[in-house]
Amino acid sequence: MPFITLLATLLALSAILYQLGKGRALRLSGGRPGVLHSLPTYYGSYVALWCALPAFLLVAVWIIIEPMALQALVLNSLPETVRQLPLARLSLITNEMRQLAASGDYRFASSPEARAAAEHYRDLHQIGFAAMAVLVLTAGIFGGRFALGRIRPALRARNRVEQAILFFLFVSSTLAIFTTIGIVLSLLFESLRFFSMVPVSDFLFGLSWSPQMAMRTDQVGSSGAFGAVPLFAGTLLISLIAMVVAVPTGLLSAIYMAEYANPRFRAVAKPLIEVLAGIPTVVYGFFAVVTVAPFLRDLGNQLHFSVSSESALATGIVMGVMIIPFISSLSDDVICDVPDALRHGAYGLGATRSETIRQVVLPAALPGIVGGILLAVSRAIGETMIVVMAAGLSAHLTANPFASVTTVTVQVVTLLVGDQEFDSPKTLSAFALGLVLFVVTLALNVVALKVVRKYRERYE
Amino acid sequence: MSDLVQQLSRSATADRVQARLKQRYAAERRFRAYGVVAIGLALLFLVTLLTSIIGKGSSAFFQNEIQLNITFEPAVIDSEGLRDPAAIAGADYQALIRTALGSLFPEDTDRASRRELIHLISQGAELELRKMVMNDPALIGTTRPVWLPVAAPVDQLLKGHMSRNTELGGQFNARELARIDHLTGQGLLAAKFNKWLFTQGDSRQPELAGLWGAVVGSFYSLLVTLALSFPLGVAAAVYLEEFAVKNRWTDIIEVNINNLAAVPSIVFGLLGLEIFLNVFGLPRSAPLVGGLALTLVSLPTIIIAARVALKAVPPWIREAALGLGASRLQMVTHHVLPLAMPGILTGTIIGMARAVGESAPLLMIGMVAFVVNIPATPLDPSTALPVQIYLWAASPERAFVERTSAAILVLLCFLAVMNATAIFLRKRYERRW
């Protein structure tokens, strides 16, 4: 791992320069550290930062630029006939080249040309890395020397170092924004490519979904196979079943926990219910497949009733179980936030506890509860593993909970696991689905958070 | 007269009130019962889930093995007597097993019986013998009893997961059953601790499939996630809580963080696929990329938890530090952060626990391949523990159901340890001001 060695060398260099900087500051102070503007360690950090920051910046730039530059260089060295190939073939070739070069094992090269190109790629990569390493180390040394030369007792080393650290803190805090921008851009970019092949209206309002058909090259056009309505309907059906299970169970247990349970019962039962939230969703998926779905199917058989073994019901019930703790803990918080004065007023008028809860506490807590339910719906819509394992693959437009339906997330996973071709509508449609998913969940979250926040303010 | 009417009507009102009160109390009791039923239902689900998985998975920690008297025939292993490692590695170890089996069942000499016999033994038995000989060439020429894994169907039969009746899904005919019973009667078949599960990578043979490759892959991913999300998350929380001025910009950041915490994890997978794989050209299926994607998933959790922990540090600590001449950054790094650290660590562990169980983003970036080798670096193709569960759950063999449940138990154990650590930290170091 030459890369790790380079990073380790840089760190070691910074450590040495730190000591040098600290020593130089102490020497310049002439035995009276009091004349220094900052503590000696800050002078050390100042020098170390001047060494490390430019060097790491260079490494970062190299990491980003190198693959693209290398690919362009190698492609240019390929014969003209290869360069004229369509983009898809070309990316296959560069992939092979990269893999050959990475493994260092050229026996499996598909042709002597591929082998030559891979070797060329590897040579260029090694030369580039060596040049970068020399450049980075030089930059580090020069940066450090420059900073060492600037050390004076009056140098405001602490302020400089703190400025650098504050800048790092600031950049870290903006990461959330960049992540959001990254999500939007990457989803939008691929979705636009998809919508250039399939019209938006066909995608949003089409009633038939069969992306596999578009793979056949002899098929004229691919429109009609990408109508996402059955997926939306399936997602909504499963989410609805999940909510039917989760909302009453979660809400009622929250009410009992908050209003009736004694502290000892609460201390035991609340964490136990929250264990349900800590179980990975892949476990729920497996539970749905091996336990709940066969149980429902057998039950259906006994009642002479056809239940698919990938029924929306089984998937929805298990997803509902996953969401119970989510609703119960959010509602619990909200119910506990309702001021006691309201309860006491109701008791004073002679209301029983359940009447107080139903007619006073719940209406007061309603906005918060609704916000929590909206968050839960957004979770149900975006939940992936349970539906991938337990729901069906083929799209049926049905409202029958005993039939098999598919969801948006199932399709995203099935379209993207395995071979991906970033020029076929099949692969790109996954990004369009992802975009819809992101927009819908985002809207739900924004509304839910706003409702909850408004509610909080009311009782603060 | 009027008195009587009054009395009558009063008692009528009283009766009505009494009756109504009865109804109201009944409603009260019903309402209470609904709550108990709801909690009971939630707990029932939990218990069903755990018992179903423990019931299915516990037997996978044991694997039936057969004791064979193997003669390490020099003519088969190393006919030239040169002890050449290549020759030893390429030798026909199945022949040794066939001979040993033949001596157990001398009367079964026809080809069909021979084939049935060898199908009792796992294909991994040959690898096991090869490993033994490679480690210790002095074995060649000796005869010794060796415990070797049986094939998955035999294992399932012995564990009672497979019916003896072929009409009910059994795979063995009467002769085979008789042989297995004969071996059991002689004490040559025994359940031993399933070491493959904890040392091997994935395999098409259920009896040889192990979790170790997935555990290592998960470990590398988590290492990357921790190395990135802890410093970045704490830095972001410190900036927002201690330095940022309340304005539009910080509002946008806050809203963004809260929203990212609720974005479906599969969307982060799509982002990882597009940015890390397509734009930056990082290798597919690598734990490094998995770790990067999981960083995005766990970062909002960690930032939110760290902010709560920082908020809990009382303002007079800050005022005292500033009053003694500390700079704002010194106040944070020397005083506020150390006091908030237990809370931050608790949040980080919970965020990591979420990342361990996360599989959807890993599917997107290709950590869902069939990987036999144990990954040596974070750049090697690999799976992760939850993805391995997903892969095994999709395998048709009956024996994989058992192993999937065992893998889930292992995953749940990891999660339990992490969460217990978080609770311990909170209980032990949390300060109430």
# chains A, B, ... in the order shown; residues from 1 in each chain; ligands from 1
>>> interface_residues(of="chain B", to="chain A", cutoff="6 Å", atoms="only C-alpha atoms", output="list in words")
Glu28, Gly35, Ala38, Ile39, Leu232, Ala235, Ala236, Tyr239, Ile257, Pro264, Leu271 and Gly357 of chain B
>>> residues_around(residues="stretch 410-419 of chain B", least_positions_apart="5", cutoff="10 Å", atoms="only C-alpha atoms", output="list in words")
Val275, Gly278, Ile279, Pro280 and Val283 of chain A; Leu50, Gly57, Phe198, Leu211, Val215, Thr346, Ile349, Ile350, Met352, Ala353, Arg354, Val356, Gly357, Leu385, Pro386, Ile389, Thr404, Ser405, Phe424 and Leu425 of chain B
>>> closest_residue(among="B:Gly210, B:Gly81, B:Gly217, B:Gly290", to="B:Ala138", atoms="only C-alpha atoms")
B:Gly81
>>> select_by_dssp(residues="stretch 26-180 of chain B", states="alpha helix (DSSP H)", output="VMD selection string")
chain B and resid 26 to 57 74 to 77 85 to 89 93 to 104 111 to 118 124 to 135 152 to 158 174 to 180
>>> atom_distance(atom1="atom CA of A:Leu330", atom2="atom CA of A:Gly372")
5.9 Å
>>> closest_residue(among="A:Leu11, A:Leu49, A:Leu397, A:Leu188", to="A:Leu207", atoms="only C-alpha atoms")
A:Leu397
>>> residues_around(residues="A:Gly44", least_positions_apart="2", cutoff="12 Å", atoms="only C-alpha atoms", output="ChimeraX atom specification")
/A:14-26,38-42,46-51,144,147-148,150-151,157-158,160-161
>>> write_last_selection(atoms="C-alpha atoms", output="short mmCIF file (atom, residue, chain, number, x, y, z; two decimals), in the first residue's frame")
data_model
loop_
_atom_site.label_atom_id
_atom_site.label_comp_id
_atom_site.auth_asym_id
_atom_site.auth_seq_id
_atom_site.Cartn_x
_atom_site.Cartn_y
_atom_site.Cartn_z
CA SER A 14 4.16 17.09 10.23
CA ALA A 15 5.01 15.67 13.66
CA ILE A 16 8.71 16.50 13.17
CA LEU A 17 7.88 20.01 11.98
CA TYR A 18 5.60 20.44 15.01
CA GLN A 19 8.54 19.75 17.31
CA LEU A 20 10.81 22.03 15.28
CA GLY A 21 8.27 24.85 15.39
CA LYS A 22 7.74 24.50 19.11
CA GLY A 23 11.49 24.37 19.75
CA ARG A 24 12.16 27.38 17.56
CA ALA A 25 9.50 29.43 19.32
CA LEU A 26 10.98 28.55 22.72
CA SER A 38 0.75 32.21 22.11
CA LEU A 39 1.62 29.02 23.96
CA PRO A 40 4.61 27.23 22.34
CA THR A 41 2.46 24.33 21.22
CA TYR A 42 0.50 26.68 18.97
CA TYR A 46 1.14 26.38 13.08
CA VAL A 47 4.17 24.89 11.33
CA ALA A 48 2.62 21.41 11.18
CA LEU A 49 -0.53 22.81 9.58
CA TRP A 50 1.49 24.67 6.96
CA CYS A 51 3.14 21.36 6.12
CA GLY A 144 6.87 23.75 6.81
CA ALA A 147 6.17 28.63 8.36
CA LEU A 148 9.31 28.01 10.41
CA ARG A 150 7.82 33.18 9.91
CA ILE A 151 7.96 32.32 13.58
CA ALA A 157 0.07 31.60 16.15
CA ARG A 158 -2.95 30.66 18.26
CA ARG A 160 -4.00 31.33 12.98
CA VAL A 161 -4.36 27.77 14.20
#
>>> atom_distance(atom1="atom CA of B:Leu223", atom2="atom CA of A:Ile323")
29.0 Å
>>> atom_distance(atom1="atom CA of B:Thr71", atom2="atom CA of B:Ile121")
16.4 Å
>>> residues_around(residues="stretch 359-371 of chain B", least_positions_apart="6", cutoff="8 Å", atoms="only C-alpha atoms", output="VMD selection string")
(chain A and resid 282 384 to 385 413 416 to 418) or (chain B and resid 201 to 202 213 265 to 270 272 to 273 277 284 to 287 289 to 290 293 to 294 381 to 384 386 to 388 391)
>>> residues_around(residues="B:Ala100", least_positions_apart="3", cutoff="8 Å", atoms="only C-alpha atoms", output="ChimeraX atom specification")
/B:68-71,96-97,103-104
>>> closest_residue(among="B:Val37, B:Val263, B:Val238, B:Met132", to="B:Ala340", atoms="only C-alpha atoms")
B:Val238
>>> residues_around(residues="A:Val370", least_positions_apart="5", cutoff="10 Å", atoms="only C-alpha atoms", output="PDB file with C-alpha atoms, in the first residue's frame")
ATOM      1  CA  ILE A 327     -44.970   5.754  16.627  1.00  0.00           C
ATOM      2  CA  SER A 331     -46.438   9.819  20.659  1.00  0.00           C
ATOM      3  CA  ALA A 365     -51.389  16.377  21.352  1.00  0.00           C
ATOM      4  CA  LEU A 375     -42.644  10.579   9.676  1.00  0.00           C
ATOM      5  CA  ALA A 376     -43.652   6.942  10.066  1.00  0.00           C
ATOM      6  CA  ALA A 448     -43.967  16.562   9.670  1.00  0.00           C
ATOM      7  CA  VAL A 451     -45.989  20.391  12.438  1.00  0.00           C
ATOM      8  CA  VAL A 452     -44.026  18.939  15.340  1.00  0.00           C
TER       9      VAL A 452
END
>>> residues_around(residues="B:Asn165", least_positions_apart="5", cutoff="12 Å", atoms="only C-alpha atoms", output="list of chain:residue names")
B:Leu157, B:Gly160, B:Gly170, B:Gln171, B:Phe172, B:Asn173, B:Ala174, B:Glu176, B:Leu177
>>> decode(residues="stretch 144-170 of chain A", atoms="C-alpha atoms", output="PDB file, in the first residue's frame")
ATOM      1  CA  GLY A 144       6.869  23.753   6.810  1.00  0.00           C
ATOM      2  CA  ARG A 145      10.096  25.683   6.085  1.00  0.00           C
ATOM      3  CA  PHE A 146       8.116  28.747   5.112  1.00  0.00           C
ATOM      4  CA  ALA A 147       6.166  28.625   8.359  1.00  0.00           C
ATOM      5  CA  LEU A 148       9.308  28.005  10.413  1.00  0.00           C
ATOM      6  CA  GLY A 149      10.831  31.123   8.893  1.00  0.00           C
ATOM      7  CA  ARG A 150       7.815  33.183   9.906  1.00  0.00           C
ATOM      8  CA  ILE A 151       7.964  32.323  13.584  1.00  0.00           C
ATOM      9  CA  ARG A 152       8.489  35.457  15.704  1.00  0.00           C
ATOM     10  CA  PRO A 153       7.470  35.977  19.328  1.00  0.00           C
ATOM     11  CA  ALA A 154       4.849  38.418  18.065  1.00  0.00           C
ATOM     12  CA  LEU A 155       3.330  35.964  15.560  1.00  0.00           C
ATOM     13  CA  ARG A 156      -0.301  35.344  16.536  1.00  0.00           C
ATOM     14  CA  ALA A 157       0.068  31.597  16.154  1.00  0.00           C
ATOM     15  CA  ARG A 158      -2.955  30.663  18.261  1.00  0.00           C
ATOM     16  CA  ASN A 159      -5.292  32.823  16.214  1.00  0.00           C
ATOM     17  CA  ARG A 160      -4.000  31.331  12.978  1.00  0.00           C
ATOM     18  CA  VAL A 161      -4.358  27.771  14.201  1.00  0.00           C
ATOM     19  CA  GLU A 162      -7.810  28.464  15.582  1.00  0.00           C
ATOM     20  CA  GLN A 163      -8.846  30.024  12.304  1.00  0.00           C
ATOM     21  CA  ALA A 164      -7.833  26.858  10.493  1.00  0.00           C
ATOM     22  CA  ILE A 165      -9.716  24.670  12.978  1.00  0.00           C
ATOM     23  CA  LEU A 166     -12.805  26.872  12.806  1.00  0.00           C
ATOM     24  CA  PHE A 167     -12.717  26.626   9.051  1.00  0.00           C
ATOM     25  CA  PHE A 168     -12.678  22.830   9.358  1.00  0.00           C
ATOM     26  CA  LEU A 169     -15.638  22.948  11.774  1.00  0.00           C
ATOM     27  CA  PHE A 170     -17.546  25.174   9.382  1.00  0.00           C
TER      28      PHE A 170
END
